[in-house]
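Data from query.pdb: PDB, C-alpha atoms and all ligand atoms
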MODEL        1
ATOM      1  CA  MET A   1      73.119 172.875 291.783  1.00  0.00           C
ATOM      2  CA  LEU A   2      74.802 175.870 290.233  1.00  0.00           C
ATOM      3  CA  ILE A   3      74.315 176.691 286.569  1.00  0.00           C
ATOM      4  CA  GLY A   4      75.226 179.676 284.419  1.00  0.00           C
ATOM      5  CA  ALA A   5      77.551 181.159 281.873  1.00  0.00           C
ATOM      6  CA  PRO A   6      81.309 180.677 281.774  1.00  0.00           C
ATOM      7  CA  GLY A   7      82.842 183.103 284.258  1.00  0.00           C
ATOM      8  CA  ALA A   8      79.616 183.657 286.219  1.00  0.00           C
ATOM      9  CA  GLY A   9      81.260 182.340 289.388  1.00  0.00           C
ATOM     10  CA  LYS A  10      79.875 178.799 289.710  1.00  0.00           C
ATOM     11  CA  THR A  11      83.138 177.262 290.841  1.00  0.00           C
ATOM     12  CA  ARG A  12      84.115 179.979 293.307  1.00  0.00           C
ATOM     13  CA  LEU A  13      80.669 180.435 294.806  1.00  0.00           C
ATOM     14  CA  GLY A  14      80.042 176.678 294.873  1.00  0.00           C
ATOM     15  CA  LYS A  15      83.171 176.134 296.978  1.00  0.00           C
ATOM     16  CA  ARG A  16      82.103 178.781 299.457  1.00  0.00           C
ATOM     17  CA  LEU A  17      78.559 177.463 299.742  1.00  0.00           C
ATOM     18  CA  ALA A  18      79.735 173.900 300.285  1.00  0.00           C
ATOM     19  CA  LYS A  19      82.034 175.055 303.064  1.00  0.00           C
ATOM     20  CA  LEU A  20      79.248 177.002 304.743  1.00  0.00           C
ATOM     21  CA  LEU A  21      76.886 174.041 304.492  1.00  0.00           C
ATOM     22  CA  ASP A  22      79.595 171.542 305.453  1.00  0.00           C
ATOM     23  CA  VAL A  23      78.879 169.301 302.483  1.00  0.00           C
ATOM     24  CA  PRO A  24      81.193 168.212 299.671  1.00  0.00           C
ATOM     25  CA  PHE A  25      81.689 170.402 296.609  1.00  0.00           C
ATOM     26  CA  ILE A  26      81.666 168.758 293.184  1.00  0.00           C
ATOM     27  CA  ASP A  27      82.613 170.641 290.032  1.00  0.00           C
ATOM     28  CA  THR A  28      81.822 168.543 286.957  1.00  0.00           C
ATOM     29  CA  ASP A  29      84.489 170.327 284.915  1.00  0.00           C
ATOM     30  CA  LYS A  30      87.039 169.217 287.521  1.00  0.00           C
ATOM     31  CA  THR A  31      85.872 165.595 287.695  1.00  0.00           C
ATOM     32  CA  ILE A  32      86.016 165.425 283.878  1.00  0.00           C
ATOM     33  CA  VAL A  33      89.553 166.836 283.830  1.00  0.00           C
ATOM     34  CA  ALA A  34      90.642 164.392 286.534  1.00  0.00           C
ATOM     35  CA  GLU A  35      89.499 161.474 284.386  1.00  0.00           C
ATOM     36  CA  HIS A  36      90.129 162.680 280.834  1.00  0.00           C
ATOM     37  CA  GLY A  37      92.624 165.542 280.949  1.00  0.00           C
ATOM     38  CA  ALA A  38      92.165 169.119 279.728  1.00  0.00           C
ATOM     39  CA  ILE A  39      88.747 170.089 278.387  1.00  0.00           C
ATOM     40  CA  ALA A  40      90.244 172.227 275.598  1.00  0.00           C
ATOM     41  CA  ALA A  41      92.179 169.180 274.370  1.00  0.00           C
ATOM     42  CA  MET A  42      89.014 167.035 274.487  1.00  0.00           C
ATOM     43  CA  PHE A  43      87.237 169.565 272.281  1.00  0.00           C
ATOM     44  CA  GLU A  44      90.159 169.657 269.852  1.00  0.00           C
ATOM     45  CA  LEU A  45      90.809 165.944 269.613  1.00  0.00           C
ATOM     46  CA  HIS A  46      87.314 164.494 269.793  1.00  0.00           C
ATOM     47  CA  GLY A  47      84.863 167.366 269.273  1.00  0.00           C
ATOM     48  CA  GLU A  48      82.096 168.877 271.347  1.00  0.00           C
ATOM     49  CA  PRO A  49      79.558 165.978 271.066  1.00  0.00           C
ATOM     50  CA  HIS A  50      82.109 163.603 272.593  1.00  0.00           C
ATOM     51  CA  PHE A  51      82.737 166.055 275.435  1.00  0.00           C
ATOM     52  CA  ARG A  52      78.986 166.495 276.027  1.00  0.00           C
ATOM     53  CA  ALA A  53      78.444 162.727 276.260  1.00  0.00           C
ATOM     54  CA  ILE A  54      81.166 162.404 278.885  1.00  0.00           C
ATOM     55  CA  GLU A  55      79.923 165.502 280.662  1.00  0.00           C
ATOM     56  CA  ARG A  56      76.449 163.967 280.895  1.00  0.00           C
ATOM     57  CA  GLU A  57      77.871 160.890 282.680  1.00  0.00           C
ATOM     58  CA  HIS A  58      79.689 163.098 285.157  1.00  0.00           C
ATOM     59  CA  VAL A  59      76.622 165.251 285.800  1.00  0.00           C
ATOM     60  CA  ALA A  60      74.425 162.185 286.379  1.00  0.00           C
ATOM     61  CA  ALA A  61      76.965 160.800 288.863  1.00  0.00           C
ATOM     62  CA  ALA A  62      77.395 164.131 290.643  1.00  0.00           C
ATOM     63  CA  LEU A  63      73.642 164.582 291.125  1.00  0.00           C
ATOM     64  CA  GLN A  64      73.509 161.366 293.166  1.00  0.00           C
ATOM     65  CA  ASN A  65      75.380 163.062 296.024  1.00  0.00           C
ATOM     66  CA  LYS A  66      74.270 165.314 298.819  1.00  0.00           C
ATOM     67  CA  ALA A  67      76.617 168.057 297.749  1.00  0.00           C
ATOM     68  CA  VAL A  68      76.887 171.470 296.191  1.00  0.00           C
ATOM     69  CA  VAL A  69      77.397 170.762 292.496  1.00  0.00           C
ATOM     70  CA  ALA A  70      78.702 173.279 289.944  1.00  0.00           C
ATOM     71  CA  LEU A  71      77.839 172.225 286.404  1.00  0.00           C
ATOM     72  CA  GLY A  72      79.911 173.192 283.372  1.00  0.00           C
ATOM     73  CA  GLY A  73      78.426 176.158 281.521  1.00  0.00           C
ATOM     74  CA  GLY A  74      76.974 174.020 278.721  1.00  0.00           C
ATOM     75  CA  ALA A  75      75.870 170.998 280.756  1.00  0.00           C
ATOM     76  CA  VAL A  76      72.267 172.236 280.742  1.00  0.00           C
ATOM     77  CA  LEU A  77      72.067 171.602 276.987  1.00  0.00           C
ATOM     78  CA  ASP A  78      71.626 167.894 277.665  1.00  0.00           C
ATOM     79  CA  ALA A  79      67.963 166.833 277.657  1.00  0.00           C
ATOM     80  CA  ASP A  80      68.425 164.200 280.393  1.00  0.00           C
ATOM     81  CA  THR A  81      70.196 166.720 282.595  1.00  0.00           C
ATOM     82  CA  GLN A  82      67.314 169.135 282.088  1.00  0.00           C
ATOM     83  CA  VAL A  83      64.922 166.459 283.349  1.00  0.00           C
ATOM     84  CA  ASP A  84      67.164 165.563 286.306  1.00  0.00           C
ATOM     85  CA  LEU A  85      67.484 169.165 287.435  1.00  0.00           C
ATOM     86  CA  ALA A  86      63.748 169.402 288.039  1.00  0.00           C
ATOM     87  CA  ALA A  87      64.282 167.399 291.238  1.00  0.00           C
ATOM     88  CA  HIS A  88      66.867 169.839 292.646  1.00  0.00           C
ATOM     89  CA  ARG A  89      67.253 173.394 293.795  1.00  0.00           C
ATOM     90  CA  VAL A  90      68.944 175.094 290.876  1.00  0.00           C
ATOM     91  CA  LEU A  91      70.759 178.379 291.324  1.00  0.00           C
ATOM     92  CA  LEU A  92      71.430 180.385 288.171  1.00  0.00           C
ATOM     93  CA  LEU A  93      74.413 182.737 288.360  1.00  0.00           C
ATOM     94  CA  THR A  94      74.361 185.614 285.903  1.00  0.00           C
ATOM     95  CA  VAL A  95      76.992 188.180 285.024  1.00  0.00           C
ATOM     96  CA  THR A  96      77.066 191.133 282.643  1.00  0.00           C
ATOM     97  CA  PRO A  97      79.382 191.183 279.603  1.00  0.00           C
ATOM     98  CA  GLU A  98      81.231 194.149 281.155  1.00  0.00           C
ATOM     99  CA  ALA A  99      81.993 192.270 284.352  1.00  0.00           C
ATOM    100  CA  VAL A 100      82.857 188.985 282.679  1.00  0.00           C
ATOM    101  CA  GLU A 101      85.262 190.595 280.232  1.00  0.00           C
ATOM    102  CA  LYS A 102      88.029 190.872 282.830  1.00  0.00           C
ATOM    103  CA  ARG A 103      87.248 187.445 284.225  1.00  0.00           C
ATOM    104  CA  ILE A 104      87.572 185.538 280.955  1.00  0.00           C
ATOM    105  CA  ALA A 105      90.544 187.449 279.547  1.00  0.00           C
ATOM    106  CA  GLY A 106      93.249 184.969 278.502  1.00  0.00           C
ATOM    107  CA  SER A 107      90.801 182.166 279.151  1.00  0.00           C
ATOM    108  CA  LYS A 108      91.416 178.572 278.146  1.00  0.00           C
ATOM    109  CA  ARG A 109      87.671 177.942 277.943  1.00  0.00           C
ATOM    110  CA  PRO A 110      87.336 176.513 274.418  1.00  0.00           C
ATOM    111  CA  LEU A 111      83.966 178.031 273.533  1.00  0.00           C
ATOM    112  CA  VAL A 112      84.874 181.567 274.617  1.00  0.00           C
ATOM    113  CA  ARG A 113      88.437 181.685 273.388  1.00  0.00           C
ATOM    114  CA  ASP A 114      87.373 184.094 270.645  1.00  0.00           C
ATOM    115  CA  GLY A 115      86.441 186.723 273.186  1.00  0.00           C
ATOM    116  CA  LEU A 116      83.471 188.575 274.497  1.00  0.00           C
ATOM    117  CA  GLY A 117      81.397 188.386 271.289  1.00  0.00           C
ATOM    118  CA  ALA A 118      81.486 184.608 271.440  1.00  0.00           C
ATOM    119  CA  TRP A 119      80.560 184.684 275.127  1.00  0.00           C
ATOM    120  CA  VAL A 120      77.585 186.996 274.496  1.00  0.00           C
ATOM    121  CA  ALA A 121      76.287 184.818 271.650  1.00  0.00           C
ATOM    122  CA  LEU A 122      76.629 181.690 273.770  1.00  0.00           C
ATOM    123  CA  VAL A 123      74.845 183.218 276.725  1.00  0.00           C
ATOM    124  CA  GLU A 124      72.034 184.686 274.631  1.00  0.00           C
ATOM    125  CA  ALA A 125      71.353 181.320 273.065  1.00  0.00           C
ATOM    126  CA  ARG A 126      71.350 179.557 276.438  1.00  0.00           C
ATOM    127  CA  THR A 127      69.504 182.095 278.558  1.00  0.00           C
ATOM    128  CA  PRO A 128      66.015 180.637 277.920  1.00  0.00           C
ATOM    129  CA  ILE A 129      67.268 177.222 279.064  1.00  0.00           C
ATOM    130  CA  TYR A 130      69.079 178.594 282.105  1.00  0.00           C
ATOM    131  CA  GLU A 131      66.007 180.576 283.151  1.00  0.00           C
ATOM    132  CA  ARG A 132      63.619 177.703 282.643  1.00  0.00           C
ATOM    133  CA  LEU A 133      65.680 175.372 284.826  1.00  0.00           C
ATOM    134  CA  ALA A 134      66.515 177.817 287.606  1.00  0.00           C
ATOM    135  CA  THR A 135      64.618 178.024 290.870  1.00  0.00           C
ATOM    136  CA  ARG A 136      66.562 181.123 291.852  1.00  0.00           C
ATOM    137  CA  SER A 137      68.862 183.535 290.099  1.00  0.00           C
ATOM    138  CA  VAL A 138      71.634 185.795 291.409  1.00  0.00           C
ATOM    139  CA  ASP A 139      73.753 188.302 289.538  1.00  0.00           C
ATOM    140  CA  THR A 140      77.436 188.141 290.485  1.00  0.00           C
ATOM    141  CA  SER A 141      78.638 191.135 288.449  1.00  0.00           C
ATOM    142  CA  ASN A 142      79.118 193.717 291.155  1.00  0.00           C
ATOM    143  CA  ARG A 143      79.098 191.941 294.499  1.00  0.00           C
ATOM    144  CA  PRO A 144      81.687 189.959 296.410  1.00  0.00           C
ATOM    145  CA  LEU A 145      81.008 186.228 296.370  1.00  0.00           C
ATOM    146  CA  ASP A 146      81.116 186.059 300.170  1.00  0.00           C
ATOM    147  CA  HIS A 147      78.100 188.368 300.417  1.00  0.00           C
ATOM    148  CA  ILE A 148      76.199 186.329 297.865  1.00  0.00           C
ATOM    149  CA  ALA A 149      77.048 183.096 299.676  1.00  0.00           C
ATOM    150  CA  THR A 150      75.789 184.420 302.999  1.00  0.00           C
ATOM    151  CA  GLU A 151      72.588 185.669 301.398  1.00  0.00           C
ATOM    152  CA  LEU A 152      71.890 182.258 299.904  1.00  0.00           C
ATOM    153  CA  LEU A 153      72.604 180.209 302.970  1.00  0.00           C
ATOM    154  CA  GLY A 154      69.094 180.280 304.439  1.00  0.00           C
ATOM    155  CA  TRP A 155      67.544 179.299 301.145  1.00  0.00           C
ATOM    156  CA  LEU A 156      69.904 176.366 300.777  1.00  0.00           C
ATOM    157  CA  GLN A 157      69.301 175.109 304.266  1.00  0.00           C
ATOM    158  CA  GLU A 158      65.576 174.805 303.651  1.00  0.00           C
ATOM    159  CA  GLU A 159      64.278 171.358 302.850  1.00  0.00           C
ATOM    160  CA  ARG A 160      64.002 170.691 299.182  1.00  0.00           C
ATOM    161  CA  PRO A 161      60.461 171.299 297.907  1.00  0.00           C
TER     162      PRO A 161
HETATM  163  N1  LIG A 201      81.480 188.127 292.321  1.00  0.00           N
HETATM  164  C1  LIG A 201      82.695 188.145 291.752  1.00  0.00           C
HETATM  165  N2  LIG A 201      83.431 189.245 291.808  1.00  0.00           N
HETATM  166  C2  LIG A 201      84.648 189.286 291.231  1.00  0.00           C
HETATM  167  N3  LIG A 201      85.217 188.260 290.539  1.00  0.00           N
HETATM  168  C3  LIG A 201      84.526 187.139 290.452  1.00  0.00           C
HETATM  169  C4  LIG A 201      83.228 187.012 291.035  1.00  0.00           C
HETATM  170  N4  LIG A 201      82.780 185.770 290.741  1.00  0.00           N
HETATM  171  C5  LIG A 201      83.751 185.157 290.033  1.00  0.00           C
HETATM  172  N5  LIG A 201      84.786 185.980 289.863  1.00  0.00           N
HETATM  173  C6  LIG A 201      86.016 185.649 289.118  1.00  0.00           C
HETATM  174  O1  LIG A 201      85.638 185.207 287.824  1.00  0.00           O
HETATM  175  C7  LIG A 201      86.450 184.123 287.414  1.00  0.00           C
HETATM  176  C8  LIG A 201      85.567 182.992 287.007  1.00  0.00           C
HETATM  177  O2  LIG A 201      84.898 182.438 288.146  1.00  0.00           O
HETATM  178  P1  LIG A 201      84.530 180.905 288.180  1.00  0.00           P
HETATM  179  O3  LIG A 201      85.691 180.090 287.675  1.00  0.00           O
HETATM  180  O4  LIG A 201      83.994 180.603 289.529  1.00  0.00           O
HETATM  181  O5  LIG A 201      83.378 180.872 287.073  1.00  0.00           O
HETATM  182  P2  LIG A 201      82.594 179.631 286.508  1.00  0.00           P
HETATM  183  O6  LIG A 201      81.185 180.053 286.454  1.00  0.00           O
HETATM  184  O7  LIG A 201      82.949 178.414 287.298  1.00  0.00           O
HETATM  185  O8  LIG A 201      83.144 179.507 285.017  1.00  0.00           O
HETATM  186  P3  LIG A 201      83.265 178.178 284.073  1.00  0.00           P
HETATM  187  O9  LIG A 201      81.935 177.919 283.462  1.00  0.00           O
HETATM  188  O10 LIG A 201      84.248 178.594 283.034  1.00  0.00           O
HETATM  189  O11 LIG A 201      83.741 177.060 284.916  1.00  0.00           O
HETATM  190  C9  LIG A 201      87.384 183.803 288.570  1.00  0.00           C
HETATM  191  O12 LIG A 201      88.641 184.363 288.267  1.00  0.00           O
HETATM  192  C10 LIG A 201      86.751 184.492 289.750  1.00  0.00           C
HETATM  193  O13 LIG A 201      87.693 184.943 290.675  1.00  0.00           O
HETATM  194  O1  LIG A 202      79.973 176.848 278.337  1.00  0.00           O
HETATM  195  C1  LIG A 202      80.429 175.741 277.960  1.00  0.00           C
HETATM  196  O2  LIG A 202      79.912 175.114 277.020  1.00  0.00           O
HETATM  197  C2  LIG A 202      81.568 175.173 278.685  1.00  0.00           C
HETATM  198  C3  LIG A 202      81.863 175.682 279.928  1.00  0.00           C
HETATM  199  C4  LIG A 202      82.910 175.117 280.795  1.00  0.00           C
HETATM  200  O3  LIG A 202      82.429 175.097 282.114  1.00  0.00           O
HETATM  201  C5  LIG A 202      83.359 173.735 280.340  1.00  0.00           C
HETATM  202  O4  LIG A 202      82.421 172.760 280.725  1.00  0.00           O
HETATM  203  C6  LIG A 202      83.569 173.675 278.854  1.00  0.00           C
HETATM  204  O5  LIG A 202      84.626 174.544 278.537  1.00  0.00           O
HETATM  205  C7  LIG A 202      82.318 174.064 278.061  1.00  0.00           C
HETATM  206 MG    MG A 203      83.827 176.643 286.803  1.00  0.00          MG
ENDMDL
END

Structure re-expressed in C-alpha cells:
Amino acid sequence: MLIGAPGAGKTRLGKRLAKLLDVPFIDTDKTIVAEHGAIAAMFELHGEPHFRAIEREHVAAALQNKAVVALGGGAVLDADTQVDLAAHRVLLLTVTPEAVEKRIAGSKRPLVRDGLGAWVALVEARTPIYERLATRSVDTSNRPLDHIATELLGWLQEERP
C-alpha cells in the first residue's frame, strides 16, 4: 500500500512497483473517477464528506486484492482504513515543499488548488497519521522513481509479517 501527500509519487511509483512484482496496480483515485467522474467535480457538487465515504468503499475493495495499491492522499483520514492498513505493508512516500512545487503547479487536485501553502498545511496536519500507519518511509524529492522502485523490491517480496 502506498500512502502520502499529493504529488509524493504514489501513482507513478506504484505503477513501477506493480510491474516489477508482476501484480496488478490499483489506484483508488482512478477507480473512483472511473465510477463517478472527476474528483474535483465530486468535491464541488457533493462536498468532501461525500467523496470520503465513496473513497472508503473503494479503498476497502482495493485492499482485498493481491496488488500494489496507491491510496488517495487523504484516504488515511478514515478510521476504518486506518484499522485495515495495520494488516498490510504500508509505504509512506514523502516529498519536500520545494520539490513538490513544480509537480503540483497547475494541479486539478481540489485540496491543493490554492498552492503550496495549502499543500504544506495539509501535509503538516496529516503527517502524524501517515507516520503512525507507515511500516517504511521513502523520500522521493531528489531521486528518480526507478531507483526507489529497485531499492524497495526486496522489501516488497518478503512475506508479510
Ligand atoms: N521522484 C520523482 N522525481 C521527479 N518527479 C516525480 C517524482 N515522483 C513523482 N514525480 C512527478 O510528480 C507528479 C506527481 O506524481 P504522482 O501523480 O505519482 O503523485 P501522487 O502521490 O499519486 O499524487 P496524488 O495524491 O495527487 O494522486 C508527476 O508529474 C510525477 O511525474
Ligand atoms: O489529499 C487529498 O485529500 C486528496 C488527494 C488526491 O489523491 C485525491 O484523492 C483527492 O483530490 C483528495
Ligand atoms: Mg496519484

Tell me, as JSON, numbers by chain, which residues lie within 7 Å of stretch 5-20 of chain A, counting all atoms listed in the file; anything in the same chain fewer than 2 positions away does not count. {"A": [2, 3, 22, 23, 24, 25, 27, 68, 69, 70, 73, 93, 94, 95, 100, 103, 104, 123, 140, 145, 149]}

Can you spell out as JSON, numbers by chain the set of residues that the PyMOL selection byres (((chain A and resi 52) around 12) and not hetatm) selects in the structure I just provided? {"A": [28, 29, 32, 39, 42, 43, 46, 47, 48, 49, 50, 51, 53, 54, 55, 56, 57, 58, 59, 71, 72, 73, 74, 75, 76, 77, 78, 79, 80, 81]}

Applied to this file, what does the PyMOL selection byres (((chain A and resi 134) around 12) and not hetatm) return in terms of residues, put as number ranges by chain? A: 1-4, 76, 82, 85-94, 127-133, 135-138

Between atom O3 of ligand LIG 202 (chain A) and atom CA of A:Arg126, distance in Å (one decimal): 13.2 Å

Distance atom CA of A:Ala99-atom CA of A:Ser141, one decimal place?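 Value for the atom CA of A:Ala99-atom CA of A:Ser141 distance: 5.4 Å.
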